[in-house]
>>> print(open('start29.csv').read())   # CSV, C-alpha atoms and all ligand atoms
chain,number,residue,atom,x,y,z
A,1,MET,CA,0.0,0.0,0.0
A,2,ASN,CA,1.3,3.5,-0.8
A,3,LYS,CA,2.0,6.0,1.9
A,4,VAL,CA,-1.3,7.9,1.8
A,5,LYS,CA,-2.5,8.3,5.4
A,6,LEU,CA,-5.4,6.4,6.8
A,7,ARG,CA,-8.0,8.4,8.6
A,8,CYS,CA,-10.6,7.2,11.1
A,9,VAL,CA,-13.8,9.3,11.1
A,10,ARG,CA,-16.8,9.0,13.4
A,11,ALA,CA,-19.8,8.3,11.1
A,12,LYS,CA,-22.5,10.9,10.8
A,13,PHE,CA,-25.8,10.9,8.9
A,14,GLU,CA,-24.1,12.1,5.7
A,15,HIS,CA,-22.1,8.8,5.6
A,16,ILE,CA,-25.2,6.7,5.3
A,17,LYS,CA,-24.7,5.7,1.7
A,18,ILE,CA,-21.0,4.9,2.1
A,19,VAL,CA,-21.7,2.6,5.0
A,20,TYR,CA,-24.6,1.0,2.9
A,21,LEU,CA,-22.3,0.2,0.0
A,22,ILE,CA,-19.6,-1.3,2.3
A,23,ARG,CA,-22.2,-3.4,4.2
A,24,ASN,CA,-23.7,-4.7,1.0
A,25,ASN,CA,-20.5,-5.7,-0.7
A,26,PRO,CA,-21.1,-9.4,-1.6
A,27,GLU,CA,-17.5,-10.4,-0.6
A,28,ILE,CA,-18.1,-9.0,2.8
A,29,ARG,CA,-21.6,-10.3,3.2
A,30,LYS,CA,-20.6,-13.9,2.6
A,31,ASN,CA,-18.8,-13.8,6.0
A,32,LEU,CA,-21.7,-12.5,7.9
A,33,ILE,CA,-24.5,-14.4,9.7
A,34,ASN,CA,-27.1,-13.0,7.4
A,35,SER,CA,-25.5,-13.0,3.9
A,36,ASP,CA,-28.6,-11.6,2.1
A,37,ASP,CA,-28.5,-8.3,0.4
A,38,ILE,CA,-29.6,-5.4,2.6
A,39,VAL,CA,-32.6,-3.5,1.5
A,40,TYR,CA,-31.9,0.3,1.7
A,41,PHE,CA,-35.0,0.9,3.8
A,42,ASP,CA,-33.6,-1.6,6.4
A,43,HIS,CA,-30.2,0.0,6.3
A,44,VAL,CA,-31.7,3.4,7.1
A,45,LYS,CA,-33.4,1.9,10.2
A,46,PHE,CA,-30.2,0.3,11.3
A,47,TYR,CA,-28.1,3.4,10.7
A,48,ARG,CA,-30.5,5.7,12.5
A,49,LYS,CA,-30.6,3.4,15.5
A,50,MET,CA,-26.8,3.3,15.6
A,51,LEU,CA,-26.5,7.1,15.5
A,52,GLU,CA,-29.3,7.7,17.9
A,53,GLU,CA,-27.7,5.6,20.6
A,54,LYS,CA,-26.0,7.6,23.4
A,55,ASN,CA,-22.6,7.4,21.8
A,56,PRO,CA,-21.9,7.3,18.0
A,57,LYS,CA,-20.7,3.8,17.3
A,58,ILE,CA,-19.6,3.6,13.6
A,59,PHE,CA,-16.1,4.6,12.6
A,60,LEU,CA,-15.2,4.9,8.9
A,61,ILE,CA,-11.7,4.4,7.7
A,62,TYR,CA,-10.4,6.4,4.7
A,63,HIS,CA,-7.4,5.9,2.6
A,64,GLY,CA,-6.8,9.4,1.4
A,65,LEU,CA,-10.3,10.4,0.1
A,66,ILE,CA,-11.5,6.8,-0.4
A,67,PRO,CA,-13.7,5.1,2.2
A,68,ILE,CA,-12.3,1.6,2.6
A,69,GLY,CA,-14.1,0.1,5.5
A,70,PHE,CA,-15.7,0.7,8.9
A,71,PHE,CA,-16.0,-0.8,12.3
A,72,ASP,CA,-18.9,-0.6,14.7
A,73,ILE,CA,-19.2,-1.0,18.4
A,74,LYS,CA,-22.5,-1.6,20.2
A,75,ASN,CA,-23.8,-2.6,23.6
A,76,LYS,CA,-25.0,-6.2,23.8
A,77,THR,CA,-28.0,-5.6,26.0
A,78,GLU,CA,-28.3,-9.3,27.2
A,79,THR,CA,-24.8,-9.4,28.6
A,80,GLY,CA,-23.6,-5.8,29.0
A,81,ASP,CA,-20.6,-6.6,26.8
A,82,LEU,CA,-19.4,-4.4,24.0
A,83,GLU,CA,-19.6,-6.1,20.6
A,84,VAL,CA,-17.4,-5.0,17.7
A,85,GLY,CA,-17.6,-5.8,14.0
A,86,PHE,CA,-15.1,-5.0,11.1
A,87,LYS,CA,-15.7,-4.6,7.4
A,88,ILE,CA,-13.0,-3.7,4.9
A,89,ILE,CA,-13.6,-3.7,1.1
A,90,PRO,CA,-11.9,-6.6,-0.7
A,91,THR,CA,-9.1,-4.7,-2.5
A,92,TYR,CA,-7.9,-3.3,0.9
A,93,GLN,CA,-8.0,-6.6,2.8
A,94,GLY,CA,-4.8,-8.4,3.9
A,95,LYS,CA,-2.8,-5.1,4.0
A,96,GLY,CA,-2.7,-4.6,7.8
A,97,ILE,CA,-5.7,-2.3,8.0
A,98,GLY,CA,-7.8,-4.8,10.0
A,99,LYS,CA,-5.0,-4.7,12.6
A,100,ILE,CA,-5.1,-0.9,12.7
A,101,MET,CA,-8.9,-0.8,13.1
A,102,MET,CA,-8.7,-3.4,15.8
A,103,ASN,CA,-6.2,-1.4,17.8
A,104,ARG,CA,-8.4,1.6,17.5
A,105,ALA,CA,-11.5,-0.3,18.7
A,106,ILE,CA,-9.5,-1.6,21.7
A,107,GLN,CA,-8.3,1.9,22.4
A,108,ILE,CA,-11.9,3.1,22.5
A,109,ARG,CA,-12.9,0.3,24.8
A,110,ASP,CA,-10.0,1.0,27.1
A,111,ARG,CA,-10.6,4.8,27.3
A,112,LYS,CA,-14.4,4.9,27.4
A,113,TYR,CA,-15.6,1.5,28.7
A,114,PRO,CA,-12.7,0.0,30.7
A,115,ASP,CA,-15.0,-2.3,32.7
A,116,LYS,CA,-16.7,-3.9,29.7
A,117,ASN,CA,-15.7,-7.1,27.9
A,118,LEU,CA,-15.0,-6.6,24.2
A,119,VAL,CA,-16.6,-9.5,22.2
A,120,LEU,CA,-17.2,-10.5,18.6
A,121,THR,CA,-18.5,-13.4,16.5
A,122,VAL,CA,-16.7,-14.9,13.5
A,123,PHE,CA,-17.1,-18.0,11.3
A,124,LEU,CA,-14.3,-20.4,12.0
A,125,ASP,CA,-13.6,-20.8,8.3
A,126,ASN,CA,-12.9,-17.0,8.0
A,127,ASP,CA,-9.1,-17.3,8.3
A,128,ASN,CA,-8.3,-13.7,7.7
A,129,ALA,CA,-10.7,-12.5,10.4
A,130,LEU,CA,-9.9,-15.3,12.8
A,131,ASN,CA,-6.1,-14.6,12.5
A,132,THR,CA,-6.7,-10.8,12.9
A,133,TYR,CA,-8.7,-11.4,16.1
A,134,ARG,CA,-6.4,-14.0,17.6
A,135,LYS,CA,-3.3,-11.9,17.0
A,136,ALA,CA,-5.1,-9.0,18.8
A,137,GLY,CA,-5.6,-11.2,21.9
A,138,PHE,CA,-9.2,-12.5,21.4
A,139,LYS,CA,-9.9,-16.1,22.5
A,140,ILE,CA,-12.9,-18.3,21.6
A,141,PHE,CA,-15.2,-18.9,24.5
A,142,LYS,CA,-18.2,-20.5,22.7
A,143,ARG,CA,-18.9,-22.3,19.4
A,144,GLU,CA,-22.2,-22.7,17.6
A,145,ARG,CA,-22.9,-25.1,14.8
A,146,GLU,CA,-26.3,-23.9,13.7
A,147,PHE,CA,-25.5,-21.9,10.6
A,148,GLY,CA,-25.6,-24.6,7.9
A,149,LYS,CA,-22.3,-26.3,7.8
A,150,ARG,CA,-20.4,-23.3,9.3
A,151,THR,CA,-19.4,-23.0,12.9
A,152,LEU,CA,-19.7,-19.6,14.5
A,153,ALA,CA,-17.2,-18.7,17.2
A,154,HIS,CA,-17.8,-16.2,20.0
A,155,MET,CA,-14.6,-14.5,21.0
A,156,LYS,CA,-13.6,-12.3,23.9
A,157,LEU,CA,-10.6,-10.1,24.3
A,158,GLN,CA,-8.3,-11.4,27.1
A,159,CYS,CA,-7.1,-8.4,29.2
B,201,LIG,C1,-11.5,-9.5,8.7
B,201,LIG,C2,-10.9,-8.2,8.3
B,201,LIG,C3,-11.4,-7.1,9.0
B,201,LIG,C4,-9.3,-8.4,8.6
B,201,LIG,O1,-8.7,-7.2,8.1
B,201,LIG,P1,-7.4,-7.2,7.1
B,201,LIG,O2,-7.0,-5.9,6.9
B,201,LIG,O3,-7.8,-8.1,6.0
B,201,LIG,O4,-6.4,-8.0,8.1
B,201,LIG,P2,-4.8,-7.6,8.3
B,201,LIG,O5,-4.2,-7.4,6.9
B,201,LIG,O6,-4.7,-6.5,9.2
B,201,LIG,O7,-4.2,-9.0,8.9
B,201,LIG,C5,-4.3,-9.2,10.3
B,201,LIG,C6,-3.5,-10.4,10.6
B,201,LIG,O8,-4.0,-11.6,10.0
B,201,LIG,C7,-3.1,-12.3,9.2
B,201,LIG,N1,-3.8,-12.8,8.0
B,201,LIG,C8,-4.4,-12.0,7.0
B,201,LIG,N2,-5.0,-12.8,6.1
B,201,LIG,C9,-4.7,-14.1,6.5
B,201,LIG,C10,-5.0,-15.4,5.9
B,201,LIG,N3,-5.8,-15.5,4.8
B,201,LIG,N4,-4.6,-16.5,6.6
B,201,LIG,C11,-3.9,-16.3,7.7
B,201,LIG,N5,-3.5,-15.2,8.2
B,201,LIG,C12,-4.0,-14.0,7.6
B,201,LIG,C13,-2.1,-11.2,8.7
B,201,LIG,O9,-0.9,-11.8,8.4
B,201,LIG,C14,-2.1,-10.3,10.0
B,201,LIG,O10,-1.2,-10.9,10.9
B,201,LIG,P3,0.3,-10.2,11.2
B,201,LIG,O11,0.0,-8.9,11.7
B,201,LIG,O12,0.9,-11.1,12.1
B,201,LIG,O13,0.9,-10.1,9.8
B,201,LIG,C15,-11.1,-8.0,6.7
B,201,LIG,O14,-10.4,-9.0,6.0
B,201,LIG,C16,-12.5,-7.9,6.3
B,201,LIG,O15,-13.2,-6.9,6.4
B,201,LIG,N6,-13.0,-9.1,5.8
B,201,LIG,C17,-14.4,-9.1,5.2
B,201,LIG,C18,-15.5,-8.9,6.2
B,201,LIG,C19,-15.3,-9.9,7.4
B,201,LIG,O16,-15.0,-11.0,7.2
B,201,LIG,N7,-15.5,-9.3,8.6
B,201,LIG,C20,-15.4,-10.0,9.8
B,201,LIG,C21,-16.7,-10.7,10.1
B,201,LIG,S1,-16.6,-11.3,11.7
>>> encode(input="start29.csv", output="structure tokens", more="lines below")
Ligand SMILES: CC(C)(COP(=O)(O)OP(=O)(O)OC[C@H]1O[C@@H](n2cnc3c(N)ncnc32)[C@H](O)[C@@H]1OP(=O)(O)O)[C@@H](O)C(=O)NCCC(=O)NCCS
Amino acid sequence: MNKVKLRCVRAKFEHIKIVYLIRNNPEIRKNLINSDDIVYFDHVKFYRKMLEEKNPKIFLIYHGLIPIGFFDIKNKTETGDLEVGFKIIPTYQGKGIGKIMMNRAIQIRDRKYPDKNLVLTVFLDNDNALNTYRKAGFKIFKREREFGKRTLAHMKLQC
């Protein structure tokens, strides 16, 4: 990757279409629990809800002027944990950006919510994601085999 700087920007309403395009990328969706295309109307509901929560929870990553991915952090109401999710467009994957986003997410947890567990879910066959998470210090604490032939792993950051 060339030396153009990466920027992390807190998502606002004006970023709604950018986040929609990234969320709906077919290569990204195939690694998510619900791999169907997202209808724009449903995206608007999701996005509004994320922005209306007490703290803005979507962070976009730009390479120069190009939006290349985002991560979101939300409260899991059942457990009180913080759940994080990462999405990078295919041409920018495998270049170390996931690691940078992960460090930023951990920093946010440490600064704003030091008492909360940081958790995420990932399919065990998603090597790139699994490696990114393991290298950042996440460990699997539960496995589920209810998504066709795929096993979903629940991971927690070990402090
Ligand atoms: C998962 C995702 C966020 C990871 O980000 P990324 O930028 O591709 O990952 P990085 O380049 O930062 O790599 C992180 C680590 O994993 C390793 N890695 C990357 N691809 C790998 C692969 N296919 N197999 C093994 N290790 C791999 C890298 O070597 C790196 O380790 P290192 O720091 O020791 O070199 C990104 O690929 C993505 O958005 N994928 C599509 C959506 C998705 O699957 N989201 C997660 C759903 S839970």
>>> residues_near_point(input="start29.csv", point="(-15.4, -0.8, 6.6)", cutoff="8 Å", atoms="only C-alpha atoms", output="PyMOL selection string")
chain A and resi 19+22-23+60-61+67-71+86-89
>>> closest_atom_pairs(input="start29.csv", of="chain A", to="ligand LIG 201 (chain B)", cutoff="8 Å", atoms="all atoms listed in the file", output="CSV")
residue,atom,partner,partner_atom,distance
A:Glu27,CA,B:LIG201,C17,6.7
A:Ile28,CA,B:LIG201,C18,4.3
A:Arg29,CA,B:LIG201,C18,6.9
A:Lys30,CA,B:LIG201,O16,7.8
A:Asn31,CA,B:LIG201,O16,4.9
A:Leu32,CA,B:LIG201,C21,5.8
A:Gly69,CA,B:LIG201,O15,7.1
A:Gly85,CA,B:LIG201,S1,6.0
A:Phe86,CA,B:LIG201,C3,4.7
A:Lys87,CA,B:LIG201,O15,3.5
A:Ile88,CA,B:LIG201,O15,3.5
A:Ile89,CA,B:LIG201,O15,6.2
A:Pro90,CA,B:LIG201,C17,6.9
A:Tyr92,CA,B:LIG201,O2,6.6
A:Gln93,CA,B:LIG201,O3,3.5
A:Gly94,CA,B:LIG201,O5,3.2
A:Lys95,CA,B:LIG201,O5,4.0
A:Gly96,CA,B:LIG201,O6,3.1
A:Ile97,CA,B:LIG201,O2,4.0
A:Gly98,CA,B:LIG201,O1,3.2
A:Lys99,CA,B:LIG201,O6,3.9
A:Ile100,CA,B:LIG201,O6,6.6
A:Met101,CA,B:LIG201,C3,7.9
A:Leu120,CA,B:LIG201,S1,7.0
A:Thr121,CA,B:LIG201,S1,5.6
A:Val122,CA,B:LIG201,S1,4.0
A:Phe123,CA,B:LIG201,S1,6.7
A:Asn126,CA,B:LIG201,O16,6.4
A:Asp127,CA,B:LIG201,N4,4.9
A:Asn128,CA,B:LIG201,N2,3.8
A:Ala129,CA,B:LIG201,C1,3.5
A:Leu130,CA,B:LIG201,C1,7.3
A:Asn131,CA,B:LIG201,O8,4.4
A:Thr132,CA,B:LIG201,C5,3.9
A:Tyr133,CA,B:LIG201,C5,7.6
A:Lys135,CA,B:LIG201,O12,6.5
>>> write_last_selection(input="start29.csv", atoms="C-alpha atoms", output="PDB file, in the coordinates of the input")
ATOM      1  CA  GLU A  27     -17.500 -10.400  -0.600  1.00  0.00           C
ATOM      2  CA  ILE A  28     -18.100  -9.000   2.800  1.00  0.00           C
ATOM      3  CA  ARG A  29     -21.600 -10.300   3.200  1.00  0.00           C
ATOM      4  CA  LYS A  30     -20.600 -13.900   2.600  1.00  0.00           C
ATOM      5  CA  ASN A  31     -18.800 -13.800   6.000  1.00  0.00           C
ATOM      6  CA  LEU A  32     -21.700 -12.500   7.900  1.00  0.00           C
ATOM      7  CA  GLY A  69     -14.100   0.100   5.500  1.00  0.00           C
ATOM      8  CA  GLY A  85     -17.600  -5.800  14.000  1.00  0.00           C
ATOM      9  CA  PHE A  86     -15.100  -5.000  11.100  1.00  0.00           C
ATOM     10  CA  LYS A  87     -15.700  -4.600   7.400  1.00  0.00           C
ATOM     11  CA  ILE A  88     -13.000  -3.700   4.900  1.00  0.00           C
ATOM     12  CA  ILE A  89     -13.600  -3.700   1.100  1.00  0.00           C
ATOM     13  CA  PRO A  90     -11.900  -6.600  -0.700  1.00  0.00           C
ATOM     14  CA  TYR A  92      -7.900  -3.300   0.900  1.00  0.00           C
ATOM     15  CA  GLN A  93      -8.000  -6.600   2.800  1.00  0.00           C
ATOM     16  CA  GLY A  94      -4.800  -8.400   3.900  1.00  0.00           C
ATOM     17  CA  LYS A  95      -2.800  -5.100   4.000  1.00  0.00           C
ATOM     18  CA  GLY A  96      -2.700  -4.600   7.800  1.00  0.00           C
ATOM     19  CA  ILE A  97      -5.700  -2.300   8.000  1.00  0.00           C
ATOM     20  CA  GLY A  98      -7.800  -4.800  10.000  1.00  0.00           C
ATOM     21  CA  LYS A  99      -5.000  -4.700  12.600  1.00  0.00           C
ATOM     22  CA  ILE A 100      -5.100  -0.900  12.700  1.00  0.00           C
ATOM     23  CA  MET A 101      -8.900  -0.800  13.100  1.00  0.00           C
ATOM     24  CA  LEU A 120     -17.200 -10.500  18.600  1.00  0.00           C
ATOM     25  CA  THR A 121     -18.500 -13.400  16.500  1.00  0.00           C
ATOM     26  CA  VAL A 122     -16.700 -14.900  13.500  1.00  0.00           C
ATOM     27  CA  PHE A 123     -17.100 -18.000  11.300  1.00  0.00           C
ATOM     28  CA  ASN A 126     -12.900 -17.000   8.000  1.00  0.00           C
ATOM     29  CA  ASP A 127      -9.100 -17.300   8.300  1.00  0.00           C
ATOM     30  CA  ASN A 128      -8.300 -13.700   7.700  1.00  0.00           C
ATOM     31  CA  ALA A 129     -10.700 -12.500  10.400  1.00  0.00           C
ATOM     32  CA  LEU A 130      -9.900 -15.300  12.800  1.00  0.00           C
ATOM     33  CA  ASN A 131      -6.100 -14.600  12.500  1.00  0.00           C
ATOM     34  CA  THR A 132      -6.700 -10.800  12.900  1.00  0.00           C
ATOM     35  CA  TYR A 133      -8.700 -11.400  16.100  1.00  0.00           C
ATOM     36  CA  LYS A 135      -3.300 -11.900  17.000  1.00  0.00           C
TER      37      LYS A 135
END
>>> residues_around(input="start29.csv", residues="Asp81 (chain A)", least_positions_apart="3", cutoff="10 Å", atoms="all atoms listed in the file", output="JSON list (two decimals) with C-alpha atoms, in the coordinates of the input")
[["chain", "number", "residue", "atom", "x", "y", "z"],
["A", 74, "LYS", "CA", -22.50, -1.60, 20.20],
["A", 75, "ASN", "CA", -23.80, -2.60, 23.60],
["A", 76, "LYS", "CA", -25.00, -6.20, 23.80],
["A", 77, "THR", "CA", -28.00, -5.60, 26.00],
["A", 78, "GLU", "CA", -28.30, -9.30, 27.20],
["A", 84, "VAL", "CA", -17.40, -5.00, 17.70],
["A", 113, "TYR", "CA", -15.60, 1.50, 28.70],
["A", 115, "ASP", "CA", -15.00, -2.30, 32.70],
["A", 116, "LYS", "CA", -16.70, -3.90, 29.70],
["A", 117, "ASN", "CA", -15.70, -7.10, 27.90],
["A", 118, "LEU", "CA", -15.00, -6.60, 24.20],
["A", 119, "VAL", "CA", -16.60, -9.50, 22.20],
["A", 120, "LEU", "CA", -17.20, -10.50, 18.60],
["A", 156, "LYS", "CA", -13.60, -12.30, 23.90]]
>>> closest_residue(input="start29.csv", among="A:Met155, A:Arg150, A:Ile18, A:Phe13", to="Lys45 (chain A)", atoms="only C-alpha atoms")
A:Phe13
>>> atom_distance(input="start29.csv", atom1="CA of Leu152 (chain A)", atom2="CA of Val44 (chain A)")
27.0 Å
>>> atom_distance(input="start29.csv", atom1="CA of Ile73 (chain A)", atom2="CA of Thr151 (chain A)")
22.7 Å
>>> atom_distance(input="start29.csv", atom1="CA of Lys5 (chain A)", atom2="CA of Arg104 (chain A)")
15.0 Å
>>> residues_around(input="start29.csv", residues="Arg10 (chain A)", least_positions_apart="3", cutoff="8 Å", atoms="only C-alpha atoms", output="NGL selection string")
:A and (56-60)
>>> closest_residue(input="start29.csv", among="A:Ile16, A:Ala153, A:Cys8, A:Leu65", to="Phe46 (chain A)", atoms="all atoms listed in the file")
A:Ile16
>>> closest_residue(input="start29.csv", among="A:Leu82, A:Leu124, A:Val39, A:Ile66", to="Val9 (chain A)", atoms="all atoms listed in the file")
A:Ile66
